[in-house]
Amino acid sequence: MRLDYCTECAAPLTKITNTDYVCTRGHRYHNNPHASVSLALINDQNQVLLIERGIEPRRGLYALPGGFLDYDENAYQAARREAKEELGIDINEDDLEPIDCALHYYLENDSAAGVTMLCRQWNGTIQAADDAATVMWKPIDFLKTDRIAWPYPYLYNRLESILHHDI
Ligand SMILES: [Zn+2]
């Protein structure tokens, strides 16, 4: 995120390197993107599951299910937790395949570096919950439209390549 003032003492922060900051009283900060995970669920018709965002930011736009990693999670664990929270489904770790990464500006001054997991097998019936208003299956070229809340510059090409070679 963008850092201007010390959260300990409110003094202005000085940038030492691209990631290190210090205030006049010596409080130090390491600034880096948040870690996040996205799920690219693909059905038998090679469609991708999208959620319509029910809350801000970017309410009404579409996104892959997913979210930020908790403090003590890896990306697999976070993907499985988000699948349960947002979609009500269970996914085995073996059925998650990291296929892409992207940097998103979640909020104006706050970035997220995320891994996208391909998943074609899950247990349970998908139901929208949490910050998803509705869920829908879309052809993967929908990922290239401006209806996507946070763009994935490489994901369409990766999915196209993977799904094409599987047919
Ligand atoms: Zn300080």
# chains A, B, ... in the order shown; residues from 1 in each chain; ligands from 1
>>> closest_atom_pairs(of="chain A", to="ligand 1", cutoff="8 Å", atoms="only C-alpha atoms and all ligand atoms", output="CSV")
residue,atom,partner,partner_atom_place_in_ligand_line,distance
A:Tyr5,CA,ligand 1,1 (Zn),7.8
A:Cys6,CA,ligand 1,1 (Zn),4.6
A:Thr7,CA,ligand 1,1 (Zn),6.6
A:Glu8,CA,ligand 1,1 (Zn),4.9
A:Cys9,CA,ligand 1,1 (Zn),4.2
A:Ala10,CA,ligand 1,1 (Zn),6.0
A:Ala11,CA,ligand 1,1 (Zn),5.4
A:Pro12,CA,ligand 1,1 (Zn),7.8
A:Leu13,CA,ligand 1,1 (Zn),7.7
A:Val22,CA,ligand 1,1 (Zn),7.4
A:Cys23,CA,ligand 1,1 (Zn),4.8
A:Thr24,CA,ligand 1,1 (Zn),6.4
A:Arg25,CA,ligand 1,1 (Zn),5.1
A:Gly26,CA,ligand 1,1 (Zn),6.1
A:His27,CA,ligand 1,1 (Zn),4.5
A:Arg28,CA,ligand 1,1 (Zn),7.6
>>> write_last_selection(atoms="N, CA and C atoms", output="CSV table (one decimal), in the first residue's frame")
chain,number,residue,atom,x,y,z
A,5,TYR,N,2.6,8.0,6.5
A,5,TYR,CA,2.8,8.4,7.9
A,5,TYR,C,2.9,7.1,8.7
A,6,CYS,N,3.7,7.2,9.8
A,6,CYS,CA,3.9,6.1,10.7
A,6,CYS,C,2.6,5.8,11.5
A,7,THR,N,2.2,4.6,11.5
A,7,THR,CA,1.0,4.2,12.3
A,7,THR,C,1.3,4.1,13.8
A,8,GLU,N,2.5,4.1,14.2
A,8,GLU,CA,2.9,4.1,15.6
A,8,GLU,C,2.8,5.5,16.2
A,9,CYS,N,3.4,6.5,15.5
A,9,CYS,CA,3.6,7.8,16.1
A,9,CYS,C,3.1,9.0,15.2
A,10,ALA,N,2.7,8.7,14.0
A,10,ALA,CA,2.1,9.7,13.0
A,10,ALA,C,3.2,10.6,12.4
A,11,ALA,N,4.4,10.3,12.6
A,11,ALA,CA,5.5,11.1,11.9
A,11,ALA,C,5.5,10.7,10.5
A,12,PRO,N,6.0,11.6,9.6
A,12,PRO,CA,6.1,11.3,8.2
A,12,PRO,C,7.1,10.1,8.0
A,13,LEU,N,6.9,9.3,7.0
A,13,LEU,CA,7.7,8.2,6.7
A,13,LEU,C,8.7,8.6,5.6
A,22,VAL,N,11.0,4.2,7.0
A,22,VAL,CA,11.3,4.5,8.4
A,22,VAL,C,10.7,5.8,8.7
A,23,CYS,N,10.3,6.0,10.0
A,23,CYS,CA,9.8,7.3,10.4
A,23,CYS,C,11.0,8.0,11.2
A,24,THR,N,10.8,9.3,11.5
A,24,THR,CA,11.8,10.0,12.2
A,24,THR,C,12.2,9.5,13.6
A,25,ARG,N,11.3,8.7,14.1
A,25,ARG,CA,11.6,8.1,15.4
A,25,ARG,C,12.0,6.7,15.3
A,26,GLY,N,12.2,6.2,14.1
A,26,GLY,CA,12.9,4.9,13.9
A,26,GLY,C,12.0,3.7,13.7
A,27,HIS,N,10.6,3.9,13.7
A,27,HIS,CA,9.7,2.8,13.4
A,27,HIS,C,9.9,2.4,11.9
A,28,ARG,N,10.1,1.1,11.7
A,28,ARG,CA,10.3,0.7,10.3
A,28,ARG,C,9.1,-0.1,9.8
>>> select_by_dssp(residues="stretch 32-156 of chain A", states="helix (DSSP H, G or I)", output="PyMOL selection string")
chain A and resi 75-87+93-95+140-144+155-156
>>> closest_atom_pairs(of="stretch 34-56 of chain A", to="stretch 120-136 of chain A", cutoff="7 Å", atoms="only C-alpha atoms", output="CSV")
residue,atom,partner,partner_atom,distance
A:Leu41,CA,A:Arg120,CA,5.8
A:Ile42,CA,A:Arg120,CA,5.2
A:Asn43,CA,A:Arg120,CA,6.3
A:Leu49,CA,A:Met136,CA,5.7
A:Leu50,CA,A:Met136,CA,5.5
A:Ile51,CA,A:Val135,CA,4.3
A:Glu52,CA,A:Thr134,CA,5.3
A:Arg53,CA,A:Ala132,CA,5.1
A:Gly54,CA,A:Ala133,CA,4.4
A:Ile55,CA,A:Asp131,CA,5.9
>>> residues_around(residues="A:Thr17", least_positions_apart="6", cutoff="12 Å", atoms="only C-alpha atoms", output="JSON, numbers by chain")
{"A": [28, 29, 30, 31, 32]}
>>> residues_around(residues="A:Ile140", least_positions_apart="2", cutoff="7 Å", atoms="only C-alpha atoms", output="PyMOL selection string")
chain A and resi 47-48+138+142-143+156
>>> atom_distance(atom1="atom CA of A:Arg81", atom2="atom CA of A:Pro98")
15.8 Å
>>> closest_residue(among="A:Asp94, A:Glu160, A:Asp146, A:Asp141", to="A:Gly60", atoms="only C-alpha atoms")
A:Asp146
>>> atom_distance(atom1="atom CA of A:Tyr62", atom2="atom CA of A:Arg158")
19.1 Å
>>> residues_around(residues="A:Leu107", least_positions_apart="2", cutoff="10 Å", atoms="only C-alpha atoms", output="ChimeraX atom specification")
/A:1,57-58,104-105,109-112
>>> write_last_selection(atoms="C-alpha atoms", output="PDB file, in the first residue's frame")
ATOM      1  CA  MET A   1       0.000   0.000   0.000  1.00  0.00           C
ATOM      2  CA  PRO A  57     -15.315  -2.177  -4.130  1.00  0.00           C
ATOM      3  CA  ARG A  58     -16.455  -2.731  -7.722  1.00  0.00           C
ATOM      4  CA  HIS A 104      -4.373  -6.123  -8.822  1.00  0.00           C
ATOM      5  CA  TYR A 105      -5.090  -2.711  -7.348  1.00  0.00           C
ATOM      6  CA  ASN A 109      -3.399   2.715  -2.817  1.00  0.00           C
ATOM      7  CA  ASP A 110      -3.331  -0.976  -2.085  1.00  0.00           C
ATOM      8  CA  SER A 111      -2.145  -3.764  -4.343  1.00  0.00           C
ATOM      9  CA  ALA A 112      -2.573  -7.518  -4.259  1.00  0.00           C
TER      10      ALA A 112
END
>>> decode(residues="stretch 12-153 of chain A", atoms="C-alpha atoms", output="mmCIF file, in the first residue's frame")
data_model
loop_
_atom_site.group_PDB
_atom_site.id
_atom_site.type_symbol
_atom_site.label_atom_id
_atom_site.label_comp_id
_atom_site.auth_asym_id
_atom_site.auth_seq_id
_atom_site.Cartn_x
_atom_site.Cartn_y
_atom_site.Cartn_z
ATOM 1 C CA PRO A 12 6.129 11.271 8.196
ATOM 2 C CA LEU A 13 7.743 8.203 6.703
ATOM 3 C CA THR A 14 10.893 8.265 4.621
ATOM 4 C CA LYS A 15 11.265 5.732 1.849
ATOM 5 C CA ILE A 16 14.621 3.937 2.088
ATOM 6 C CA THR A 17 14.196 1.410 -0.710
ATOM 7 C CA ASN A 18 11.256 0.315 -2.879
ATOM 8 C CA THR A 19 9.945 -1.701 0.048
ATOM 9 C CA ASP A 20 11.490 -0.235 3.229
ATOM 10 C CA TYR A 21 10.282 2.850 5.093
ATOM 11 C CA VAL A 22 11.285 4.462 8.369
ATOM 12 C CA CYS A 23 9.818 7.326 10.413
ATOM 13 C CA THR A 24 11.837 10.045 12.181
ATOM 14 C CA ARG A 25 11.595 8.109 15.447
ATOM 15 C CA GLY A 26 12.883 4.898 13.923
ATOM 16 C CA HIS A 27 9.741 2.815 13.384
ATOM 17 C CA ARG A 28 10.327 0.652 10.334
ATOM 18 C CA TYR A 29 7.911 -0.707 7.745
ATOM 19 C CA HIS A 30 8.233 -3.282 5.010
ATOM 20 C CA ASN A 31 5.819 -2.520 2.228
ATOM 21 C CA ASN A 32 4.717 -5.170 -0.233
ATOM 22 C CA PRO A 33 1.520 -6.318 -1.964
ATOM 23 C CA HIS A 34 -1.036 -8.381 -0.147
ATOM 24 C CA ALA A 35 -1.109 -12.023 -1.143
ATOM 25 C CA SER A 36 -4.335 -13.207 -2.725
ATOM 26 C CA VAL A 37 -5.746 -16.206 -4.535
ATOM 27 C CA SER A 38 -8.323 -16.594 -7.317
ATOM 28 C CA LEU A 39 -10.184 -19.703 -8.386
ATOM 29 C CA ALA A 40 -10.701 -20.495 -12.063
ATOM 30 C CA LEU A 41 -13.414 -23.164 -11.840
ATOM 31 C CA ILE A 42 -14.052 -24.765 -15.228
ATOM 32 C CA ASN A 43 -17.109 -26.906 -16.029
ATOM 33 C CA ASP A 44 -17.690 -29.651 -18.640
ATOM 34 C CA GLN A 45 -18.485 -27.021 -21.296
ATOM 35 C CA ASN A 46 -15.165 -25.259 -20.644
ATOM 36 C CA GLN A 47 -16.934 -22.299 -19.079
ATOM 37 C CA VAL A 48 -15.453 -20.344 -16.178
ATOM 38 C CA LEU A 49 -17.343 -19.540 -12.994
ATOM 39 C CA LEU A 50 -17.687 -15.836 -12.219
ATOM 40 C CA ILE A 51 -19.274 -14.081 -9.296
ATOM 41 C CA GLU A 52 -21.093 -10.804 -9.491
ATOM 42 C CA ARG A 53 -19.743 -8.684 -6.683
ATOM 43 C CA GLY A 54 -22.416 -7.875 -4.127
ATOM 44 C CA ILE A 55 -20.304 -5.427 -2.130
ATOM 45 C CA GLU A 56 -17.886 -2.586 -2.775
ATOM 46 C CA PRO A 57 -15.315 -2.177 -4.130
ATOM 47 C CA ARG A 58 -16.455 -2.731 -7.722
ATOM 48 C CA ARG A 59 -19.949 -3.894 -6.827
ATOM 49 C CA GLY A 60 -21.853 -5.140 -9.887
ATOM 50 C CA LEU A 61 -18.741 -6.158 -11.782
ATOM 51 C CA TYR A 62 -17.630 -9.751 -12.191
ATOM 52 C CA ALA A 63 -14.705 -11.492 -10.584
ATOM 53 C CA LEU A 64 -13.254 -14.897 -10.051
ATOM 54 C CA PRO A 65 -14.030 -16.289 -6.596
ATOM 55 C CA GLY A 66 -11.166 -15.745 -4.185
ATOM 56 C CA GLY A 67 -9.699 -13.385 -1.659
ATOM 57 C CA PHE A 68 -6.738 -12.460 0.493
ATOM 58 C CA LEU A 69 -4.616 -15.021 2.252
ATOM 59 C CA ASP A 70 -4.964 -15.116 6.007
ATOM 60 C CA TYR A 71 -1.819 -14.643 8.075
ATOM 61 C CA ASP A 72 -1.113 -18.351 8.520
ATOM 62 C CA GLU A 73 -2.341 -19.707 5.179
ATOM 63 C CA ASN A 74 -0.707 -20.787 1.958
ATOM 64 C CA ALA A 75 -2.470 -20.231 -1.372
ATOM 65 C CA TYR A 76 -3.942 -23.748 -1.473
ATOM 66 C CA GLN A 77 -5.469 -23.386 1.970
ATOM 67 C CA ALA A 78 -6.833 -19.935 1.133
ATOM 68 C CA ALA A 79 -8.337 -21.205 -2.130
ATOM 69 C CA ARG A 80 -10.098 -24.051 -0.322
ATOM 70 C CA ARG A 81 -11.389 -21.709 2.401
ATOM 71 C CA GLU A 82 -12.677 -19.166 -0.116
ATOM 72 C CA ALA A 83 -14.373 -21.926 -2.126
ATOM 73 C CA LYS A 84 -16.245 -22.939 1.011
ATOM 74 C CA GLU A 85 -17.083 -19.376 2.072
ATOM 75 C CA GLU A 86 -18.100 -17.920 -1.288
ATOM 76 C CA LEU A 87 -19.430 -20.970 -3.120
ATOM 77 C CA GLY A 88 -20.244 -23.558 -0.468
ATOM 78 C CA ILE A 89 -18.120 -26.255 -2.091
ATOM 79 C CA ASP A 90 -15.238 -28.451 -0.971
ATOM 80 C CA ILE A 91 -12.095 -28.762 -3.070
ATOM 81 C CA ASN A 92 -9.240 -31.198 -2.562
ATOM 82 C CA GLU A 93 -5.796 -29.659 -2.595
ATOM 83 C CA ASP A 94 -4.827 -32.123 -5.357
ATOM 84 C CA ASP A 95 -7.484 -30.587 -7.604
ATOM 85 C CA LEU A 96 -5.976 -27.088 -7.441
ATOM 86 C CA GLU A 97 -3.398 -26.219 -10.077
ATOM 87 C CA PRO A 98 -1.654 -22.823 -10.015
ATOM 88 C CA ILE A 99 -1.705 -21.527 -13.586
ATOM 89 C CA ASP A 100 -1.338 -17.741 -13.438
ATOM 90 C CA CYS A 101 -0.351 -14.776 -11.312
ATOM 91 C CA ALA A 102 -1.483 -11.177 -11.487
ATOM 92 C CA LEU A 103 -1.106 -7.862 -9.682
ATOM 93 C CA HIS A 104 -4.373 -6.123 -8.822
ATOM 94 C CA TYR A 105 -5.090 -2.711 -7.348
ATOM 95 C CA TYR A 106 -7.742 -3.795 -4.929
ATOM 96 C CA LEU A 107 -8.115 -0.295 -3.525
ATOM 97 C CA GLU A 108 -6.591 2.897 -4.871
ATOM 98 C CA ASN A 109 -3.399 2.715 -2.817
ATOM 99 C CA ASP A 110 -3.331 -0.976 -2.085
ATOM 100 C CA SER A 111 -2.145 -3.764 -4.343
ATOM 101 C CA ALA A 112 -2.573 -7.518 -4.259
ATOM 102 C CA ALA A 113 -0.310 -10.097 -5.875
ATOM 103 C CA GLY A 114 -2.409 -13.135 -6.565
ATOM 104 C CA VAL A 115 -2.083 -16.665 -7.827
ATOM 105 C CA THR A 116 -4.914 -18.179 -9.868
ATOM 106 C CA MET A 117 -5.767 -21.845 -9.335
ATOM 107 C CA LEU A 118 -7.358 -23.925 -12.052
ATOM 108 C CA CYS A 119 -9.951 -26.334 -10.657
ATOM 109 C CA ARG A 120 -12.174 -28.763 -12.559
ATOM 110 C CA GLN A 121 -13.374 -30.962 -9.747
ATOM 111 C CA TRP A 122 -15.179 -30.126 -6.514
ATOM 112 C CA ASN A 123 -17.723 -31.525 -4.103
ATOM 113 C CA GLY A 124 -21.067 -29.929 -3.365
ATOM 114 C CA THR A 125 -23.476 -27.634 -5.141
ATOM 115 C CA ILE A 126 -22.237 -24.160 -5.974
ATOM 116 C CA GLN A 127 -24.232 -21.453 -4.191
ATOM 117 C CA ALA A 128 -23.342 -17.758 -3.981
ATOM 118 C CA ALA A 129 -22.509 -16.505 -0.492
ATOM 119 C CA ASP A 130 -20.326 -13.988 1.340
ATOM 120 C CA ASP A 131 -19.275 -11.169 -1.029
ATOM 121 C CA ALA A 132 -20.731 -12.928 -4.088
ATOM 122 C CA ALA A 133 -24.247 -11.757 -5.046
ATOM 123 C CA THR A 134 -24.745 -14.325 -7.796
ATOM 124 C CA VAL A 135 -22.608 -16.850 -9.626
ATOM 125 C CA MET A 136 -22.717 -17.700 -13.310
ATOM 126 C CA TRP A 137 -20.878 -19.736 -15.901
ATOM 127 C CA LYS A 138 -19.404 -17.723 -18.774
ATOM 128 C CA PRO A 139 -17.305 -18.581 -21.826
ATOM 129 C CA ILE A 140 -13.674 -17.899 -20.967
ATOM 130 C CA ASP A 141 -13.467 -14.995 -23.423
ATOM 131 C CA PHE A 142 -15.667 -13.069 -20.982
ATOM 132 C CA LEU A 143 -12.403 -12.655 -19.021
ATOM 133 C CA LYS A 144 -11.263 -10.248 -21.740
ATOM 134 C CA THR A 145 -14.208 -7.860 -21.293
ATOM 135 C CA ASP A 146 -14.344 -4.689 -19.200
ATOM 136 C CA ARG A 147 -16.970 -6.307 -16.949
ATOM 137 C CA ILE A 148 -14.165 -7.955 -14.963
ATOM 138 C CA ALA A 149 -13.533 -6.121 -11.683
ATOM 139 C CA TRP A 150 -9.779 -6.774 -11.628
ATOM 140 C CA PRO A 151 -8.266 -7.752 -14.967
ATOM 141 C CA TYR A 152 -6.165 -10.872 -15.452
ATOM 142 C CA PRO A 153 -3.870 -9.937 -18.347
#
